[in-house]
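**Q** My structure is in data_24.txt, and what it holds is compact mmCIF, C-alpha atoms:
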# COMPACT_ATOMS: atom_id res chain seq x y z
CA MET U 40 -0.16 0.35 -31.67
CA ASN U 41 -2.47 2.61 -29.78
CA LYS U 42 -1.17 5.98 -30.90
CA ILE U 43 -2.76 8.95 -29.23
CA SER U 44 -2.56 12.46 -30.64
CA ALA U 45 -1.27 15.47 -28.76
CA SER U 46 -4.75 16.99 -28.78
CA VAL U 47 -6.25 13.90 -27.11
CA PHE U 48 -3.50 14.08 -24.48
CA ALA U 49 -4.18 17.75 -23.87
CA ALA U 50 -7.90 17.08 -23.45
CA SER U 51 -7.28 14.16 -21.06
CA VAL U 52 -4.84 16.13 -18.95
CA ALA U 53 -7.23 19.08 -18.83
CA THR U 54 -10.04 16.77 -17.67
CA ALA U 55 -7.74 15.21 -15.08
CA LEU U 56 -6.77 18.62 -13.73
CA SER U 57 -10.41 19.67 -13.45
CA LEU U 58 -11.15 16.42 -11.59
CA VAL U 59 -8.27 17.13 -9.21
CA ALA U 60 -9.48 20.69 -8.62
CA SER U 61 -13.06 19.59 -7.94
CA VAL U 62 -12.11 17.23 -5.10
CA PRO U 63 -10.88 18.88 -1.91
CA ALA U 64 -7.42 17.81 -0.79
CA SER U 65 -7.38 14.88 1.64
CA ALA U 66 -9.09 16.05 4.79
CA ALA U 67 -7.29 13.47 6.92
CA ASP U 68 -4.03 15.38 6.96
CA ALA U 69 -5.65 18.54 8.26
CA THR U 70 -6.54 16.70 11.46
CA LYS U 71 -2.96 15.81 12.41
CA GLU U 72 0.12 17.91 13.07
CA LYS U 73 3.78 17.13 13.73
CA CYS U 74 4.45 17.87 17.38
CA TYR U 75 8.06 18.21 18.54
CA GLY U 76 9.31 17.55 22.05
CA VAL U 77 6.39 15.51 23.39
CA ALA U 78 7.26 11.91 22.44
CA LEU U 79 8.71 9.60 25.08
CA LYS U 80 12.04 7.89 24.40
CA GLY U 81 11.75 5.53 21.43
CA GLN U 82 8.13 6.47 20.72
CA ASN U 83 8.62 9.20 18.12
CA ASP U 84 7.12 8.91 14.64
CA CYS U 85 9.41 9.31 11.62
CA ALA U 86 12.62 11.42 11.49
CA ALA U 87 14.08 12.20 14.89
CA GLY U 88 16.68 14.47 13.29
CA PRO U 89 20.41 14.10 12.57
CA GLY U 90 22.02 10.94 13.89
CA THR U 91 18.76 8.99 14.03
CA THR U 92 17.09 7.12 11.23
CA CYS U 93 13.41 6.99 11.82
CA ALA U 94 10.45 6.08 13.96
CA GLY U 95 11.12 4.75 17.44
CA THR U 96 14.70 6.03 17.50
CA SER U 97 14.59 9.08 19.78
CA LYS U 98 17.14 8.70 22.58
CA ILE U 99 15.50 10.58 25.46
CA ASP U 100 12.01 11.44 26.67
CA HIS U 101 10.60 14.68 25.19
CA GLN U 102 13.50 14.96 22.69
CA GLN U 103 12.99 18.35 21.08
CA ASN U 104 13.91 17.37 17.52
CA ALA U 105 11.72 14.25 17.47
CA TRP U 106 8.06 14.55 16.59
CA LYS U 107 4.88 12.58 17.04
CA LEU U 108 1.66 12.90 15.04
CA VAL U 109 -1.04 14.29 17.32
CA PRO U 110 -4.58 15.56 16.67
CA ALA U 111 -4.39 19.04 15.10
CA GLY U 112 -4.61 21.90 17.54
CA THR U 113 -3.47 19.87 20.54
CA CYS U 114 0.32 20.07 20.11
CA GLU U 115 1.06 23.38 21.79
CA ALA U 116 -1.39 22.59 24.57
CA MET U 117 0.63 19.49 25.59
CA LYS U 118 2.64 19.99 28.73
CA THR U 119 5.84 17.98 29.28
CA PRO U 120 8.38 18.29 32.10
CA ASN U 121 10.43 20.42 29.65
CA GLY U 122 7.61 22.80 28.73
CA HIS U 123 4.96 22.70 26.02
CA GLY U 124 5.00 20.79 22.71
CA SER U 125 6.19 22.74 19.71
CA LEU U 126 5.21 22.84 16.04
CA THR U 127 8.82 23.71 15.15
CA GLN U 128 11.84 21.43 15.47
CA GLY U 129 14.05 22.04 18.50
CA PRO U 130 17.77 21.30 19.03
CA ALA U 131 19.22 17.78 19.11
CA PRO U 132 19.91 16.48 22.63
CA ALA U 133 23.36 17.35 24.02
CA MET D 1065 33.17 -13.13 22.41
CA SER D 1066 34.67 -14.49 19.23
CA LEU D 1067 32.63 -14.39 16.04
CA CYS D 1068 32.41 -18.19 16.18
CA THR D 1069 30.98 -18.09 19.72
CA GLN D 1070 28.50 -15.38 18.72
CA THR D 1071 27.35 -17.31 15.66
CA ARG D 1072 26.85 -20.48 17.72
CA PHE D 1073 25.00 -18.51 20.42
CA ALA D 1074 22.70 -16.86 17.85
CA ALA D 1075 21.96 -20.17 16.12
CA ALA D 1076 21.03 -21.77 19.45
CA LEU D 1077 18.78 -18.81 20.29
CA ALA D 1078 16.79 -19.17 17.10
CA ASP D 1079 16.35 -22.93 17.15
CA PRO D 1080 15.23 -24.81 20.27
CA ALA D 1081 16.41 -28.07 18.68
CA VAL D 1082 20.02 -26.88 18.88
CA ALA D 1083 21.86 -27.63 22.17
CA VAL D 1084 22.65 -24.79 24.57
CA PRO D 1085 26.06 -23.32 23.64
CA PRO D 1086 28.93 -25.01 25.54
CA GLY D 1087 30.55 -23.07 28.39
CA LEU D 1088 27.35 -21.25 29.37
CA THR D 1089 26.85 -20.73 33.10
CA ALA D 1090 23.90 -19.36 35.11
CA TRP D 1091 24.42 -16.66 37.75
CA ASN D 1092 22.70 -18.76 40.42
CA GLY D 1093 24.68 -21.91 39.65
CA LEU D 1094 21.66 -23.84 38.31
CA GLN D 1095 21.48 -25.57 34.95
CA PRO D 1096 21.91 -22.92 32.21
CA GLN D 1097 19.29 -24.67 30.02
CA ARG D 1098 16.37 -23.06 31.87
CA ARG D 1099 17.90 -19.57 31.84
CA PHE D 1100 18.63 -19.95 28.13
CA ALA D 1101 15.04 -21.09 27.50
CA VAL D 1102 13.80 -17.81 29.02
CA TYR D 1103 16.12 -15.89 26.70
CA ARG D 1104 14.95 -17.93 23.70
CA ASN D 1105 11.33 -17.27 24.57
CA ASN D 1106 11.87 -13.53 24.99
CA VAL D 1107 13.51 -13.29 21.57
CA VAL D 1108 10.61 -15.07 19.85
CA VAL D 1109 7.92 -13.16 21.76
CA GLY D 1110 9.61 -9.81 21.03
CA LEU D 1111 10.01 -10.52 17.31
CA THR D 1112 6.47 -11.96 17.08
CA GLY D 1113 5.24 -8.67 18.53
CA ALA D 1114 7.23 -6.76 15.90
CA ILE D 1115 5.72 -8.85 13.09
CA ALA D 1116 2.20 -8.60 14.54
CA SER D 1117 2.44 -4.82 14.78
CA ARG D 1118 3.42 -4.61 11.10
CA PHE D 1119 0.69 -6.98 9.86
CA PRO D 1120 -2.41 -6.39 12.02
CA ALA D 1121 -4.93 -7.17 9.24
CA ALA D 1122 -3.22 -10.51 8.51
CA GLN D 1123 -3.39 -11.29 12.22
CA THR D 1124 -7.10 -10.46 12.28
CA ILE D 1125 -7.69 -12.79 9.31
CA VAL D 1126 -6.00 -15.89 10.76
CA GLY D 1127 -6.43 -15.17 14.47
CA GLU D 1128 -3.80 -14.57 17.12
CA ALA D 1129 -2.86 -18.20 17.82
CA PHE D 1130 -2.33 -19.14 14.17
CA PHE D 1131 -0.48 -15.88 13.50
CA SER D 1132 1.90 -16.36 16.44
CA ALA D 1133 2.72 -19.92 15.38
CA MET D 1134 3.31 -18.81 11.79
CA ALA D 1135 5.44 -15.85 12.92
CA ALA D 1136 7.52 -18.11 15.22
CA GLU D 1137 8.31 -20.38 12.29
CA PHE D 1138 9.23 -17.34 10.15
CA ILE D 1139 11.48 -15.98 12.90
CA ARG D 1140 13.28 -19.32 13.15
CA VAL D 1141 13.96 -19.46 9.40
CA HIS D 1142 14.43 -15.70 8.80
CA PRO D 1143 16.03 -14.12 11.88
CA PRO D 1144 16.45 -10.31 11.65
CA ARG D 1145 19.46 -9.12 9.64
CA SER D 1146 19.35 -5.59 11.07
CA PRO D 1147 18.74 -4.14 14.54
CA LEU D 1148 16.09 -1.88 12.92
CA LEU D 1149 12.80 -3.75 13.04
CA LEU D 1150 11.08 -1.28 10.68
CA SER D 1151 11.86 -3.48 7.72
CA TYR D 1152 11.76 -6.83 9.53
CA GLY D 1153 9.16 -8.95 7.76
CA ASP D 1154 9.69 -7.53 4.26
CA ASP D 1155 9.93 -11.16 3.11
CA PHE D 1156 7.12 -12.42 5.39
CA ALA D 1157 4.65 -12.58 2.46
CA ASP D 1158 6.96 -14.84 0.42
CA PHE D 1159 7.37 -17.07 3.47
CA VAL D 1160 3.60 -17.27 4.06
CA GLU D 1161 3.06 -18.14 0.39
CA ARG D 1162 5.10 -21.32 0.94
CA PHE D 1163 3.78 -21.95 4.48
CA GLU D 1164 1.59 -25.00 3.98
CA PRO D 1165 -0.91 -24.52 6.85
CA ALA D 1166 -1.86 -21.14 5.33
CA ASN D 1167 -2.32 -22.46 1.78
CA ASP D 1168 -6.12 -22.40 2.06
CA ILE D 1169 -6.06 -18.63 2.51
CA ALA D 1170 -4.82 -17.79 -0.97
CA TYR D 1171 -5.15 -14.04 -0.50
CA LEU D 1172 -3.16 -13.88 2.76
CA PRO D 1173 0.28 -13.23 1.15
CA ASP D 1174 -1.14 -10.28 -0.84
CA VAL D 1175 -2.71 -8.76 2.30
CA ILE D 1176 0.71 -9.04 3.96
CA ARG D 1177 2.33 -7.37 0.91
CA LEU D 1178 -0.16 -4.51 1.17
CA GLU D 1179 0.58 -4.06 4.86
CA ALA D 1180 4.34 -4.16 4.16
CA ALA D 1181 3.86 -1.45 1.52
CA ARG D 1182 1.93 0.66 4.05
CA GLY D 1183 4.78 0.35 6.56
CA LYS D 1184 7.31 1.27 3.88
CA ALA D 1185 5.22 4.30 2.90
CA TYR D 1186 4.92 5.36 6.54
CA HIS D 1187 8.69 5.43 6.98
CA ALA D 1188 9.57 6.78 3.51
CA ALA D 1189 11.09 10.26 3.16
CA ASP D 1190 8.77 13.28 3.37
CA VAL D 1191 8.43 14.90 -0.07
CA ALA D 1192 5.71 17.29 -1.23
CA PRO D 1193 3.69 15.70 -4.06
CA LEU D 1194 3.59 17.20 -7.56
CA ASP D 1195 1.46 20.33 -7.86
CA ALA D 1196 -1.13 19.54 -10.55
CA ALA D 1197 -1.14 23.19 -11.68
CA LYS D 1198 2.39 22.71 -13.08
CA LEU D 1199 0.98 20.26 -15.64
CA ALA D 1200 -1.59 22.80 -16.80
CA ALA D 1201 1.19 25.25 -17.66
CA LEU D 1202 2.82 22.85 -20.19
CA PRO D 1203 2.38 23.20 -23.96
CA PRO D 1204 0.14 20.29 -25.17
CA GLU D 1205 2.77 18.87 -27.54
CA ARG D 1206 5.09 18.14 -24.59
CA LEU D 1207 2.58 15.96 -22.70
CA ALA D 1208 3.18 12.67 -24.54
CA ASP D 1209 6.92 12.72 -23.72
CA LEU D 1210 6.57 13.54 -20.01
CA VAL D 1211 8.47 11.30 -17.59
CA PHE D 1212 7.29 11.38 -13.97
CA VAL D 1213 9.34 10.94 -10.78
CA PRO D 1214 7.52 8.59 -8.37
CA HIS D 1215 7.00 9.56 -4.73
CA PRO D 1216 9.44 7.66 -2.44
CA SER D 1217 6.45 6.22 -0.56
CA LEU D 1218 4.73 4.82 -3.68
CA SER D 1219 3.97 1.10 -4.08
CA ILE D 1220 1.74 -0.58 -6.64
CA LEU D 1221 0.35 -4.05 -5.96
CA ARG D 1222 -1.48 -6.33 -8.36
CA SER D 1223 -3.64 -9.11 -6.96
CA PRO D 1224 -5.97 -11.78 -8.39
CA HIS D 1225 -8.07 -11.35 -5.21
CA PRO D 1226 -10.27 -8.47 -3.96
CA LEU D 1227 -7.21 -7.30 -2.05
CA VAL D 1228 -8.20 -3.77 -1.06
CA THR D 1229 -11.68 -4.87 0.07
CA ILE D 1230 -10.26 -7.72 2.19
CA TRP D 1231 -7.61 -5.46 3.71
CA ALA D 1232 -10.08 -2.65 4.47
CA MET D 1233 -12.49 -5.05 6.20
CA ASN D 1234 -9.77 -6.54 8.37
CA ALA D 1235 -8.06 -3.24 9.11
CA GLY D 1236 -11.25 -1.73 10.49
CA GLU D 1237 -11.62 0.61 7.50
CA ALA D 1238 -14.78 -1.06 6.20
CA GLU D 1239 -17.58 -3.10 7.68
CA LEU D 1240 -17.18 -6.89 7.63
CA ARG D 1241 -19.59 -8.53 5.18
CA SER D 1242 -19.46 -11.35 2.68
CA ILE D 1243 -17.83 -10.39 -0.63
CA GLU D 1244 -20.38 -11.10 -3.37
CA ASP D 1245 -18.25 -9.88 -6.24
CA TRP D 1246 -14.94 -11.75 -5.92
CA THR D 1247 -12.87 -9.85 -8.48
CA ALA D 1248 -9.20 -9.02 -8.85
CA GLU D 1249 -8.15 -5.71 -7.29
CA ASP D 1250 -4.93 -3.75 -7.76
CA ALA D 1251 -3.82 -1.31 -5.10
CA MET D 1252 -1.67 1.74 -4.85
CA VAL D 1253 -0.13 2.85 -1.56
CA ALA D 1254 1.42 6.27 -0.94
CA ARG D 1255 1.97 8.80 1.81
CA PRO D 1256 1.79 12.23 0.13
CA HIS D 1257 1.58 14.07 3.46
CA MET D 1258 1.07 12.65 6.97
CA THR D 1259 -1.31 9.79 6.30
CA VAL D 1260 -0.68 6.56 4.40
CA GLU D 1261 -3.34 6.15 1.73
CA VAL D 1262 -4.50 2.94 0.09
CA ARG D 1263 -6.41 3.27 -3.16
CA ARG D 1264 -8.15 0.64 -5.29
CA MET D 1265 -6.95 1.02 -8.88
CA PRO D 1266 -9.37 1.37 -11.82
CA PRO D 1267 -8.92 -0.95 -14.88
CA GLY D 1268 -5.42 -0.63 -16.36
CA GLY D 1269 -4.44 1.75 -13.59
CA ALA D 1270 -1.78 -0.44 -11.99
CA VAL D 1271 -0.07 -1.11 -15.32
CA PHE D 1272 -0.21 2.62 -16.12
CA LEU D 1273 1.33 3.66 -12.79
CA GLN D 1274 3.92 0.86 -12.86
CA ALA D 1275 5.04 2.01 -16.32
CA LEU D 1276 5.24 5.66 -15.24
CA ALA D 1277 7.02 4.79 -11.98
CA SER D 1278 9.63 2.82 -13.93
CA GLY D 1279 10.38 5.89 -16.06
CA GLU D 1280 8.32 5.25 -19.22
CA ARG D 1281 7.01 8.24 -21.20
CA LEU D 1282 3.36 9.15 -20.59
CA ALA D 1283 2.42 8.02 -24.12
CA THR D 1284 4.11 4.61 -23.64
CA ALA D 1285 2.45 4.14 -20.24
CA VAL D 1286 -0.95 4.83 -21.83
CA GLU D 1287 -0.25 2.25 -24.56
CA HIS D 1288 0.63 -0.38 -21.93
CA ALA D 1289 -2.50 0.45 -19.95
CA ILE D 1290 -4.82 0.16 -22.97
CA GLU D 1291 -3.23 -3.18 -23.93
CA ASN D 1292 -3.95 -4.36 -20.37
CA ALA D 1293 -7.51 -2.97 -20.18
CA SER D 1294 -9.34 -1.49 -23.15
CA ALA D 1295 -11.59 0.44 -20.74
CA PHE D 1296 -8.58 2.42 -19.45
CA ASP D 1297 -9.58 6.02 -18.70
CA LEU D 1298 -6.56 8.33 -18.90
CA SER D 1299 -8.24 11.35 -17.29
CA ALA D 1300 -9.55 9.42 -14.28
CA ASN D 1301 -6.24 7.60 -13.74
CA LEU D 1302 -4.11 10.72 -14.07
CA ALA D 1303 -6.42 12.59 -11.69
CA GLY D 1304 -6.24 9.69 -9.21
CA ALA D 1305 -2.44 9.61 -9.37
CA LEU D 1306 -2.19 13.37 -8.83
CA GLN D 1307 -4.69 13.31 -5.95
CA THR D 1308 -2.91 10.50 -4.15
CA GLY D 1309 0.46 12.19 -4.58
CA ALA D 1310 1.99 9.35 -6.62
CA PHE D 1311 4.52 11.70 -8.22
CA ILE D 1312 6.79 14.47 -7.01
CA ALA D 1313 8.05 15.93 -10.31
CA PHE D 1314 8.19 15.49 -14.09
CA HIS D 1315 10.73 16.25 -16.77
With the file now loaded, output its structure as structure tokens.
**A**
Amino acid sequence: MNKISASVFAASVATALSLVASVPASAADATKEKCYGVALKGQNDCAAGPGTTCAGTSKIDHQQNAWKLVPAGTCEAMKTPNGHGSLTQGPAPA
Amino acid sequence: MSLCTQTRFAAALADPAVAVPPGLTAWNGLQPQRRFAVYRNNVVVGLTGAIASRFPAAQTIVGEAFFSAMAAEFIRVHPPRSPLLLSYGDDFADFVERFEPANDIAYLPDVIRLEAARGKAYHAADVAPLDAAKLAALPPERLADLVFVPHPSLSILRSPHPLVTIWAMNAGEAELRSIEDWTAEDAMVARPHMTVEVRRMPPGGAVFLQALASGERLATAVEHAIENASAFDLSANLAGALQTGAFIAFH
């Protein structure tokens, strides 16, 4: 069998960690943010809060606990009939 | 409506060869056959749209007309079992594998599997990936016995075709060109944060990750990987797994 000693493991893990540290974290995620309260009915991305399962399940337009991925920095500038988009989750619809 | 009536109605909706359910009337007094045909068509068009939106690269590969015809046949044989269409088409790849007109495109089922894994990752639970610094804090003698917890969004796919290259070209992620080096490619799919990531696995990488994801010790996973590919590079593979957020914890 291919037995590997603890010291070889330690060296490999150390190299792996240095490789991880040398590459910046995925830049893609920095360009999107979760924006609550701006999605139209049924057009939310994942997790519309308690009572819903996932994407496309929000019950009303601009539901405040349903979010949509939008370009970073644009969420709070979005105006809906209920006010601006929010980076924090709002209450479930009554 | 009794269950029997519903079952008969649903069967007639899915298959145009089945007669219109008895007792059906149209609001305007005309033959119900034409009204029912509209309903039938809407069901197929709606579900075809659902399938097409899950498998856009597959649609690009075969073209819209072929894809729609293939999807219509799938819908007839595999009607949805749940009102949630997020998972509708999970078995589309297995269907396409046995769908004779698509036999010439041997890599098509794997492209569909990759797209299904991307959809699954997109809708998987949000969990922060494992912080690599936690590994650094461990005493070296513990490393061989580590067992990792896979991220809920993680999928590993093995393919005899250049799967990731074909997918990337048809998903608009890479430029279309002829593939000179037609080699097998394994893929890993995960969504560590907001974006679904697809990564081409280095030699032995898929076997390594599959072993870890199924709960094998790190040392055992390395043995499997080296048996699969003698060129297996533990450092590069571990770094890749940590970067892509394949794991959320270890114990």
**Q** In Å, rounded to a single decimal, give me how far CA of Pro1214 (chain D) is from CA of Leu1199 (chain D).
**A** 15.2 Å
**Q** Which residue out of U:Val47, U:Cys74, U:Ala55, U:Ala60 has the minimum interatomic distance to chain D when only C-alpha atoms are used?
**A** U:Ala55
**Q** If you take all atoms listed in the file and a cut-off of 6 Å, which residues of chain D touch chain U, and what are their nearest atom pairs and distances in Å to one decimal, in chain and number order, as CSV?
**A**
residue,atom,partner,partner_atom,distance
D:Pro1204,CA,U:Ala49,CA,5.2
D:Glu1205,CA,U:Ala45,CA,5.4
D:Met1258,CA,U:Asp68,CA,5.8
D:Glu1287,CA,U:Asn41,CA,5.7
D:Ser1299,CA,U:Ala55,CA,4.5
D:Leu1302,CA,U:Ala55,CA,5.9
D:Ala1303,CA,U:Ala55,CA,4.5
**Q** Counting only C-alpha atoms, which residues have an atom no more than 8 Å from (3.0, 12.3, -18.2) in the file's coordinates? Please list them as a VMD selection string.
**A** chain D and resid 1207 to 1212 1276 1281 to 1283 1314
**Q** Can those selected residues be exported to a file as a PDB file, in the frame of the given file so that it contains C-alpha atoms?
**A**
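Once everything was written out, this is result.pdb:
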ATOM      1  CA  LEU D1207       2.580  15.960 -22.700  1.00  0.00           C
ATOM      2  CA  ALA D1208       3.180  12.670 -24.540  1.00  0.00           C
ATOM      3  CA  ASP D1209       6.920  12.720 -23.720  1.00  0.00           C
ATOM      4  CA  LEU D1210       6.570  13.540 -20.010  1.00  0.00           C
ATOM      5  CA  VAL D1211       8.470  11.300 -17.590  1.00  0.00           C
ATOM      6  CA  PHE D1212       7.290  11.380 -13.970  1.00  0.00           C
ATOM      7  CA  LEU D1276       5.240   5.660 -15.240  1.00  0.00           C
ATOM      8  CA  ARG D1281       7.010   8.240 -21.200  1.00  0.00           C
ATOM      9  CA  LEU D1282       3.360   9.150 -20.590  1.00  0.00           C
ATOM     10  CA  ALA D1283       2.420   8.020 -24.120  1.00  0.00           C
ATOM     11  CA  PHE D1314       8.190  15.490 -14.090  1.00  0.00           C
TER      12      PHE D1314
END
**Q** May I have the residues within 10 Å of region 1163-1166 of chain D as number ranges by chain, using all atoms listed in the file and disregarding those fewer than 3 positions away in the same chain?
**A** D: 1126, 1130-1131, 1134, 1137-1138, 1157-1160, 1169-1173
**Q** Using Å and a single decimal, report how far CA of Ala1081 (chain D) sits from CA of Phe1156 (chain D).
**A**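 Separation of CA of Phe1156 (chain D) and CA of Ala1081 (chain D): 22.5 Å.
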**Q** As an exercise, work out the distance from CA of Glu1161 (chain D) to CA of Asp1174 (chain D) in Å and give it to one decimal place.
**A** 9.0 Å
**Q** Please list as a list in words every residue within 9 Å of region 1263-1266 of chain D, counting all atoms listed in the file and excluding residues in the same chain fewer than 2 positions away.
**A**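 So, after excluding close chain neighbours, the residues are Leu1227, Val1228, Thr1229, Glu1249, Asp1250, Ala1251, Met1252, Val1253, Ala1254, Glu1261, Gly1268, Gly1269, Ala1270, Phe1296, Asp1297, Ala1300, Asn1301, Gly1304 and Thr1308 of chain D.
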**Q** Restricting the calculation to all atoms listed in the file: of D:Phe1100, D:Trp1091, D:Phe1119, D:Phe1272, which residue gets closest to Ala1305 (chain D)?
**A** D:Phe1272
